[in-house]
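Shown next: data17.cif, given as mmCIF, C-alpha atoms.
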```
data_protein
#
loop_
_atom_site.label_atom_id
_atom_site.label_comp_id
_atom_site.auth_asym_id
_atom_site.auth_seq_id
_atom_site.Cartn_x
_atom_site.Cartn_y
_atom_site.Cartn_z
CA MET A 1 0.00 0.00 0.00
CA LYS A 2 3.02 2.24 -0.43
CA GLY A 3 2.08 5.61 -1.90
CA LEU A 4 -1.64 5.30 -1.04
CA SER A 5 -3.11 8.74 -1.56
CA ARG A 6 -5.72 10.30 0.69
CA ARG A 7 -8.12 10.61 -2.28
CA ARG A 8 -7.72 6.93 -3.27
CA ALA A 9 -8.12 5.72 0.30
CA LEU A 10 -11.29 7.72 0.79
CA GLY A 11 -12.61 6.31 -2.48
CA LEU A 12 -11.95 2.78 -1.30
CA LEU A 13 -13.77 3.52 1.95
CA GLY A 14 -16.77 5.19 0.34
CA GLY A 15 -20.07 3.40 0.68
CA ALA A 16 -18.60 0.66 2.84
CA VAL A 17 -20.02 1.68 6.20
CA LEU A 18 -22.96 -0.19 7.69
CA THR A 19 -24.38 -1.11 4.32
CA SER A 20 -25.17 -4.36 2.55
CA ALA A 21 -23.37 -7.44 3.95
CA ASN A 22 -21.10 -5.25 6.07
CA ALA A 23 -23.97 -4.10 8.27
CA PRO A 24 -25.08 -6.51 10.96
CA ILE A 25 -26.66 -3.52 12.73
CA PRO A 26 -28.06 -0.43 10.94
CA VAL A 27 -27.21 3.13 11.87
CA SER A 28 -30.69 3.58 13.34
CA SER A 29 -29.73 1.07 16.06
CA ALA A 30 -26.69 3.06 17.17
CA SER A 31 -28.12 3.20 20.72
CA LYS A 32 -26.89 -0.39 21.07
CA PHE A 33 -23.36 0.98 21.04
CA GLU A 34 -24.04 2.81 24.29
CA ARG A 35 -24.69 -0.30 26.39
CA GLY A 36 -21.64 -2.06 27.82
CA LYS A 37 -18.03 -2.04 26.79
CA ARG A 38 -17.00 -2.11 23.16
CA PHE A 39 -13.81 -3.09 21.40
CA LEU A 40 -12.31 -2.13 18.03
CA THR A 41 -10.33 -4.61 15.95
CA ALA A 42 -9.12 -5.20 12.41
CA ARG A 43 -10.63 -8.11 10.51
CA SER A 44 -10.55 -9.93 7.17
CA ARG A 45 -13.33 -11.84 5.41
CA SER A 46 -12.93 -15.25 3.84
CA GLY A 47 -14.42 -14.00 0.56
CA GLY A 48 -11.74 -11.32 0.34
CA GLY A 49 -11.39 -7.81 1.64
CA HIS A 50 -10.01 -6.23 4.78
CA GLY A 51 -11.64 -3.95 7.28
CA GLY A 52 -12.41 -3.35 10.91
CA ALA A 53 -15.11 -4.38 13.34
CA ILE A 54 -16.61 -3.16 16.59
CA LEU A 55 -17.46 -5.89 19.11
CA SER A 56 -19.53 -5.88 22.27
CA GLU A 57 -18.12 -7.27 25.52
CA ASN A 58 -20.27 -10.35 24.88
CA GLY A 59 -18.66 -10.92 21.49
CA ASP A 60 -21.51 -9.60 19.36
CA LEU A 61 -20.58 -7.98 16.05
CA LEU A 62 -21.94 -4.43 16.26
CA ALA A 63 -20.51 -2.93 13.08
CA GLU A 64 -18.01 -3.45 10.28
CA PHE A 65 -16.27 -1.11 7.86
CA ASP A 66 -13.87 -1.61 4.97
CA LEU A 67 -10.17 -0.69 4.83
CA PRO A 68 -7.93 -0.35 1.76
CA ALA A 69 -5.71 -3.18 3.05
CA ARG A 70 -5.06 -5.19 6.18
CA GLY A 71 -5.29 -3.28 9.45
CA HIS A 72 -3.43 -3.89 12.70
CA GLY A 73 -3.70 -1.89 15.94
CA ALA A 74 -5.98 0.96 16.98
CA ALA A 75 -6.17 3.81 19.48
CA TRP A 76 -9.17 5.44 21.14
CA ARG A 77 -9.14 9.24 21.48
CA PRO A 78 -9.91 10.23 25.10
CA ASN A 79 -13.05 12.24 25.79
CA SER A 80 -14.40 11.70 22.29
CA SER A 81 -16.25 9.25 20.04
CA GLU A 82 -13.22 8.88 17.74
CA ALA A 83 -10.67 6.12 17.27
CA VAL A 84 -7.89 5.52 14.77
CA ILE A 85 -7.12 2.17 13.16
CA PHE A 86 -3.69 1.72 11.57
CA ALA A 87 -2.47 -0.20 8.55
CA ARG A 88 -0.32 -3.25 9.08
CA ARG A 89 3.36 -2.60 8.39
CA PRO A 90 4.36 -1.26 5.86
CA GLY A 91 1.01 0.41 5.21
CA SER A 92 0.75 4.17 4.73
CA PHE A 93 -2.86 4.77 5.78
CA ALA A 94 -4.64 5.23 9.11
CA VAL A 95 -8.39 5.73 9.34
CA VAL A 96 -10.25 7.88 11.89
CA LEU A 97 -13.75 6.63 12.63
CA ASP A 98 -16.79 7.46 14.74
CA VAL A 99 -17.00 4.58 17.21
CA MET A 100 -20.69 5.21 17.92
CA THR A 101 -21.66 4.30 14.37
CA GLY A 102 -18.57 2.64 12.90
CA GLN A 103 -18.37 5.31 10.20
CA PRO A 104 -14.91 6.34 8.88
CA GLN A 105 -14.32 10.09 9.03
CA THR A 106 -10.78 10.88 7.90
CA VAL A 107 -7.74 9.19 6.36
CA LEU A 108 -4.40 10.32 7.75
CA SER A 109 -1.59 11.29 5.42
CA VAL A 110 1.95 10.06 6.04
CA PRO A 111 5.01 11.46 4.25
CA ALA A 112 6.22 9.50 1.23
CA ASP A 113 9.43 8.49 3.01
CA ARG A 114 7.62 7.11 6.06
CA HIS A 115 5.16 4.30 6.74
CA PHE A 116 3.16 3.28 9.77
CA TYR A 117 4.18 0.45 12.06
CA GLY A 118 0.63 -0.46 13.04
CA HIS A 119 0.20 1.26 16.41
CA GLY A 120 -0.45 4.64 17.99
CA CYS A 121 -1.75 6.35 21.12
CA PHE A 122 -3.17 9.73 22.14
CA SER A 123 -2.02 12.37 24.57
CA ALA A 124 -4.02 12.45 27.81
CA ASP A 125 -6.13 15.38 26.61
CA GLY A 126 -6.80 13.72 23.25
CA ARG A 127 -5.25 16.55 21.25
CA ILE A 128 -2.18 14.77 19.85
CA LEU A 129 -2.00 11.38 18.16
CA PHE A 130 1.38 9.67 18.37
CA ALA A 131 2.04 7.03 15.69
CA THR A 132 5.02 4.69 15.36
CA GLU A 133 6.60 5.09 11.92
CA ASN A 134 9.60 3.99 9.88
CA ASP A 135 12.11 6.43 8.43
CA PHE A 136 13.19 3.66 6.10
CA ASP A 137 15.87 5.56 4.20
CA GLY A 138 17.30 6.93 7.43
CA GLU A 139 17.13 3.44 9.00
CA ARG A 140 15.58 4.69 12.22
CA GLY A 141 12.27 4.67 14.02
CA VAL A 142 10.25 7.83 14.54
CA ILE A 143 7.01 8.81 16.24
CA GLY A 144 4.74 10.95 14.10
CA ARG A 145 2.73 13.67 15.87
CA TYR A 146 -0.74 14.53 14.51
CA ASP A 147 -3.10 17.30 15.66
CA ALA A 148 -6.50 15.69 16.25
CA THR A 149 -8.08 19.14 16.67
CA ASP A 150 -7.02 20.21 13.16
CA GLY A 151 -8.04 17.33 10.89
CA TYR A 152 -5.12 15.21 12.09
CA ARG A 153 -2.58 17.48 10.44
CA ARG A 154 0.93 16.10 10.83
CA LEU A 155 2.91 18.37 13.15
CA GLY A 156 6.24 16.60 12.82
CA GLU A 157 8.01 13.75 14.56
CA ILE A 158 10.27 12.78 17.41
CA PRO A 159 12.76 9.88 17.47
CA SER A 160 11.75 6.50 18.87
CA HIS A 161 15.39 5.99 19.92
CA GLY A 162 15.55 2.63 18.19
CA ILE A 163 14.75 0.67 15.05
CA GLY A 164 11.37 -0.86 14.28
CA PRO A 165 9.13 0.92 16.82
CA HIS A 166 5.90 -0.99 17.20
CA GLU A 167 3.47 -0.67 20.11
CA ILE A 168 3.30 2.67 21.91
CA THR A 169 1.34 3.82 24.94
CA LEU A 170 1.17 6.69 27.40
CA MET A 171 2.73 6.23 30.83
CA PRO A 172 0.60 6.80 33.95
CA ASP A 173 2.23 10.21 34.51
CA ARG A 174 0.36 11.30 31.33
CA ARG A 175 3.51 13.09 30.09
CA THR A 176 5.84 10.38 28.80
CA LEU A 177 5.58 7.78 26.07
CA LEU A 178 6.49 4.11 26.27
CA VAL A 179 7.64 2.53 23.00
CA ALA A 180 8.64 -1.04 22.10
CA ASN A 181 11.48 -0.83 19.57
CA GLY A 182 11.54 -4.29 17.99
CA GLY A 183 15.06 -3.70 16.68
CA ILE A 184 14.33 -5.09 13.20
CA LEU A 185 15.33 -3.04 10.17
CA THR A 186 12.83 -3.19 7.29
CA HIS A 187 12.21 -1.38 4.00
CA PRO A 188 8.95 -1.16 1.99
CA ASP A 189 10.77 -2.29 -1.16
CA ALA A 190 11.12 -5.67 0.59
CA PRO A 191 8.01 -5.44 2.77
CA ARG A 192 8.34 -8.47 5.06
CA MET A 193 12.11 -9.00 4.95
CA LYS A 194 14.19 -8.52 8.11
CA LEU A 195 17.42 -6.84 7.10
CA ASN A 196 19.57 -6.74 10.24
CA LEU A 197 18.97 -9.86 12.32
CA ILE A 198 22.66 -10.20 13.19
CA GLU A 199 22.86 -6.62 14.46
CA MET A 200 19.46 -6.27 16.14
CA ARG A 201 19.17 -4.05 19.20
CA PRO A 202 15.64 -4.15 20.63
CA SER A 203 14.60 -1.88 23.48
CA VAL A 204 11.73 -0.45 25.47
CA ALA A 205 12.15 3.32 25.49
CA VAL A 206 10.63 5.90 27.82
CA ILE A 207 10.43 9.20 25.93
CA ASP A 208 9.42 12.77 26.81
CA ALA A 209 6.32 13.36 24.69
CA GLU A 210 7.03 17.08 24.25
CA THR A 211 10.77 17.18 23.57
CA GLY A 212 11.41 13.67 22.27
CA ALA A 213 14.24 13.22 24.78
CA LEU A 214 15.09 9.67 25.83
CA LEU A 215 14.46 9.35 29.56
CA LYS A 216 15.21 5.65 29.99
CA SER A 217 15.95 2.63 27.79
CA TYR A 218 15.62 -1.03 28.75
CA GLU A 219 17.29 -3.75 26.68
CA PRO A 220 17.53 -7.53 26.96
CA PRO A 221 21.00 -8.94 27.70
CA SER A 222 23.41 -8.86 24.76
CA GLU A 223 23.25 -12.64 24.28
CA LEU A 224 19.49 -12.22 23.65
CA HIS A 225 19.80 -9.29 21.26
CA GLN A 226 17.51 -11.13 18.79
CA LEU A 227 14.63 -11.00 21.26
CA SER A 228 12.40 -8.55 19.39
CA LEU A 229 10.35 -6.64 21.98
CA ARG A 230 7.27 -5.56 20.04
CA HIS A 231 4.22 -5.36 22.29
CA LEU A 232 3.72 -3.91 25.74
CA ASP A 233 1.34 -2.64 28.39
CA VAL A 234 1.72 -0.59 31.56
CA ARG A 235 -0.33 -0.59 34.74
CA GLY A 236 -1.18 2.30 37.03
CA ASP A 237 1.89 2.08 39.25
CA GLY A 238 4.24 2.20 36.25
CA ARG A 239 5.10 -1.50 36.03
CA ILE A 240 5.64 -2.46 32.39
CA VAL A 241 5.25 -5.81 30.69
CA ALA A 242 6.75 -6.32 27.23
CA VAL A 243 6.57 -9.47 25.12
CA ALA A 244 8.84 -10.69 22.37
CA GLN A 245 9.23 -12.59 19.14
CA TRP A 246 12.47 -14.56 18.96
CA GLU A 247 14.46 -14.00 15.76
CA GLY A 248 17.35 -16.31 16.62
CA ALA A 249 17.84 -20.03 16.11
CA LYS A 250 14.51 -21.88 15.99
CA LEU A 251 15.67 -24.65 18.30
CA GLU A 252 16.41 -22.20 21.11
CA GLN A 253 13.70 -21.38 23.66
CA PRO A 254 14.48 -18.04 25.30
CA PRO A 255 12.19 -16.27 27.78
CA LEU A 256 9.56 -14.22 25.92
CA VAL A 257 8.12 -12.06 28.70
CA ALA A 258 9.87 -9.04 30.24
CA VAL A 259 8.67 -7.31 33.40
CA ILE A 260 10.15 -3.84 33.79
CA ASP A 261 10.30 -1.66 36.91
CA ARG A 262 12.14 1.61 37.41
CA ASP A 263 14.19 0.23 40.30
CA ASP A 264 14.68 -3.40 39.22
CA GLY A 265 15.08 -2.82 35.49
CA LEU A 266 14.16 -5.51 32.96
CA ARG A 267 13.54 -9.04 34.29
CA LEU A 268 12.90 -11.86 31.83
CA LYS A 269 10.25 -14.46 32.68
CA SER A 270 9.56 -17.90 31.23
CA ALA A 271 6.63 -20.27 31.25
CA PRO A 272 7.21 -23.93 32.19
CA CYS A 273 9.12 -25.81 29.48
CA GLU A 274 6.14 -27.57 27.91
CA VAL A 275 4.11 -24.34 27.80
CA ALA A 276 7.06 -22.30 26.55
CA ALA A 277 7.51 -24.78 23.70
CA GLY A 278 3.85 -24.31 22.81
CA MET A 279 4.28 -20.54 22.58
CA ARG A 280 6.44 -21.18 19.49
CA ASN A 281 8.86 -18.31 20.30
CA TYR A 282 6.18 -15.78 19.31
CA CYS A 283 4.01 -13.43 21.35
CA GLY A 284 1.37 -11.40 19.54
CA ALA A 285 -0.20 -9.18 22.22
CA VAL A 286 -0.18 -8.45 25.94
CA ALA A 287 -2.54 -6.67 28.34
CA PHE A 288 -2.89 -6.16 32.08
CA SER A 289 -6.19 -7.02 33.73
CA ALA A 290 -8.39 -4.16 34.92
CA GLY A 291 -6.90 -4.22 38.42
CA GLY A 292 -3.37 -4.99 37.25
CA GLY A 293 -3.14 -8.20 39.28
CA ARG A 294 -2.66 -10.33 36.17
CA PHE A 295 -1.68 -10.00 32.56
CA ALA A 296 -2.40 -12.11 29.49
CA VAL A 297 -0.08 -12.92 26.59
CA SER A 298 -1.23 -14.34 23.26
CA SER A 299 0.85 -16.72 21.15
CA PRO A 300 -1.18 -17.22 17.95
CA ARG A 301 1.34 -19.50 16.24
CA GLY A 302 1.04 -21.93 19.12
CA GLY A 303 -2.68 -21.46 19.66
CA LEU A 304 -2.10 -20.43 23.29
CA VAL A 305 -3.04 -17.55 25.57
CA THR A 306 -0.99 -17.59 28.78
CA LEU A 307 -1.99 -15.93 32.05
CA TRP A 308 0.58 -14.46 34.43
CA GLY A 309 0.53 -12.85 37.86
CA GLY A 310 1.19 -9.13 37.99
CA ASP A 311 4.73 -9.88 39.21
CA GLY A 312 5.45 -12.02 36.14
CA ASP A 313 4.92 -15.49 37.59
CA TYR A 314 3.28 -17.92 35.17
CA LEU A 315 -0.25 -19.02 36.15
CA SER A 316 -1.97 -21.00 33.41
CA ALA A 317 -2.65 -21.38 29.68
CA ILE A 318 -5.75 -21.38 27.49
CA LYS A 319 -5.92 -23.08 24.12
CA LEU A 320 -7.31 -20.82 21.39
CA ASP A 321 -6.51 -21.57 17.76
CA ASP A 322 -4.83 -18.52 16.17
CA GLY A 323 -5.83 -16.46 19.21
CA CYS A 324 -4.11 -13.10 19.33
CA GLY A 325 -6.39 -10.15 20.15
CA LEU A 326 -6.91 -9.54 23.86
CA ALA A 327 -8.01 -6.79 26.23
CA ALA A 328 -9.05 -6.45 29.85
CA ASN A 329 -12.75 -7.05 30.45
CA GLY A 330 -13.98 -6.84 34.03
CA LYS A 331 -11.98 -9.28 36.15
CA GLY A 332 -10.65 -11.16 33.13
CA PHE A 333 -9.95 -10.75 29.44
CA ILE A 334 -11.82 -10.78 26.14
CA LEU A 335 -10.01 -12.80 23.45
CA THR A 336 -10.36 -12.99 19.66
CA SER A 337 -8.97 -15.38 17.08
CA GLY A 338 -8.23 -15.67 13.39
CA SER A 339 -10.99 -18.28 13.16
CA GLY A 340 -13.70 -15.77 14.06
CA ILE A 341 -14.03 -16.68 17.74
CA VAL A 342 -14.67 -14.12 20.50
CA THR A 343 -14.45 -15.57 24.00
CA ALA A 344 -13.60 -14.76 27.61
CA SER A 345 -10.48 -15.88 29.42
CA ASN A 346 -12.60 -18.12 31.67
CA ARG A 347 -14.31 -19.52 28.53
CA SER A 348 -17.70 -18.82 30.16
CA GLU A 349 -19.16 -17.78 26.82
CA GLU A 350 -18.06 -17.92 23.22
CA LYS A 351 -19.29 -16.39 19.97
CA HIS A 352 -18.30 -17.64 16.54
CA HIS A 353 -18.49 -15.40 13.46
CA PRO A 354 -18.10 -17.63 10.36
CA GLY A 355 -16.16 -16.17 7.47
CA ILE A 356 -14.37 -13.58 9.62
CA ALA A 357 -10.74 -13.64 10.74
CA PHE A 358 -10.09 -11.21 13.58
CA ASP A 359 -6.62 -9.65 13.45
CA ASN A 360 -3.93 -9.19 16.08
CA HIS A 361 -5.29 -6.61 18.51
CA LEU A 362 -8.31 -5.38 20.46
CA CYS A 363 -8.69 -1.71 21.40
CA PRO A 364 -11.11 -0.88 24.26
CA LEU A 365 -13.48 1.99 23.44
CA GLN A 366 -14.62 4.22 26.28
CA ALA A 367 -16.81 6.77 24.51
#
```

Output the file's structure as structure tokens, nothing else.
Amino acid sequence: MKGLSRRRALGLLGGAVLTSANAPIPVSSASKFERGKRFLTARSRSGGGHGGAILSENGDLLAEFDLPARGHGAAWRPNSSEAVIFARRPGSFAVVLDVMTGQPQTVLSVPADRHFYGHGCFSADGRILFATENDFDGERGVIGRYDATDGYRRLGEIPSHGIGPHEITLMPDRRTLLVANGGILTHPDAPRMKLNLIEMRPSVAVIDAETGALLKSYEPPSELHQLSLRHLDVRGDGRIVAVAQWEGAKLEQPPLVAVIDRDDGLRLKSAPCEVAAGMRNYCGAVAFSAGGGRFAVSSPRGGLVTLWGGDGDYLSAIKLDDGCGLAANGKGFILTSGSGIVTASNRSEEKHHPGIAFDNHLCPLQA
């Protein structure tokens, strides 16, 4: 999707919202969006075509909309009914939508020498959108800044202080950004190739949102420099959990979970051997529970979702074929899979949506 223009993207989106087969619920039933929690995710359909979907906390499909290509992560804008859904790397589009109706509003523009990395977050007041991006000719990661009060005009960028920035979130102090730099060099001319595996340097960076200054950087030990830290979450007291995808030898089984504290630094955690083997050296998403006492980690290649105590001790595992999307929901988690399943972490209820493959992430909506 390199070089996707705003005009072309809007054309592809036109007429795709809550109409025909993409409309399980009509606009006139928008009041249903106001009851209970809702979650935004990317999805694909078996007949072809990519888009997004809004789900209820019970797994009901409330709305769908089309996207020009495969989507990835999303971000809700605080104190508003807006959210942004990002293209999967190396896509160059991001779509702003009204989460009360599922209707796309705006397509963000990205400079020709940048592409999105699939994730973003908002400032605490909802004014600025921060998006992880690739300066592919400069071989560095950047964070694009967009003014949500002015049509999402791009204001500029700050460094991510690493290569391959992926998930980004706001720290509890509401002033600093937390970024997972996966450490993998890529270029849109070879979209899925990894160009620097021997020289990888992944990190979790804490960055001043105003100045772009690096406040703190956490890295795995040098012998695990191919442990690509790509997804993360942070709880209210500032404890961070980051999860990895191993880019080293396939027969190795390194720890995939990192718990990070200001005083103790980065501590790597492993599941028991048989569970770790089932994770297939690949974590797709991570989220703390609502109270922060647990966190969940998805491993879609192994068909596992693992549950961990808030201190990083392994608790249990749930089998879920191609399960990747997860988010806190009450005392537990809501989970989605590439086979169209929406379920709870206690498996108390399950919804199946034939013909739909839910993508990697779930974004809670609080409008």

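Picked out by the PyMOL selection byres ((chain A and resi 290-301) around 7) when it runs on this file: Arg235, Met279, Arg280, Tyr282, Cys283, Gly284, Ala285, Val286, Ala287, Phe288, Ser289, Gly302, Gly303, Leu304, Val305, Thr306, Leu307, Trp308, Gly309, Gly310, Asp321, Asp322, Gly323, Cys324, Ala328, Asn329, Gly330 and Lys331 of chain A.
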
Report the distance between CA of Phe122 (chain A) and CA of Phe93 (chain A) in Å, rounded to one decimal place.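 Computing it gives 17.1 Å between the two atoms.
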
Residues returned when the PyMOL selection byres ((chain A and resi 242) around 8) runs on this file, as a list in words: Ala180, Val204, Leu229, Arg230, His231, Leu232, Asp233, Ile240, Val241, Val243, Ala244, Val257, Ala258, Val259, Ile260 and Val286 of chain A

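We find CA of Leu215 (chain A) and CA of Gly138 (chain A) to be spaced 22.4 Å apart.
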
Applied to this file, what does the PyMOL selection byres ((chain A and resi 262) around 10) return in terms of residues, put as a PDB file with C-alpha atoms, in the coordinates of the input?
```pdb
ATOM      1  CA  LYS A 216      15.210   5.650  29.990  1.00  0.00           C
ATOM      2  CA  TYR A 218      15.620  -1.030  28.750  1.00  0.00           C
ATOM      3  CA  GLY A 238       4.240   2.200  36.250  1.00  0.00           C
ATOM      4  CA  ARG A 239       5.100  -1.500  36.030  1.00  0.00           C
ATOM      5  CA  ILE A 240       5.640  -2.460  32.390  1.00  0.00           C
ATOM      6  CA  ILE A 260      10.150  -3.840  33.790  1.00  0.00           C
ATOM      7  CA  ASP A 261      10.300  -1.660  36.910  1.00  0.00           C
ATOM      8  CA  ASP A 263      14.190   0.230  40.300  1.00  0.00           C
ATOM      9  CA  ASP A 264      14.680  -3.400  39.220  1.00  0.00           C
ATOM     10  CA  GLY A 265      15.080  -2.820  35.490  1.00  0.00           C
ATOM     11  CA  LEU A 266      14.160  -5.510  32.960  1.00  0.00           C
TER      12      LEU A 266
END
```

Between A:Ala69, A:Ala87, A:Ala276, A:Ile168, which residue has the minimum interatomic distance to Gly49 (chain A), considering only C-alpha atoms? A:Ala69
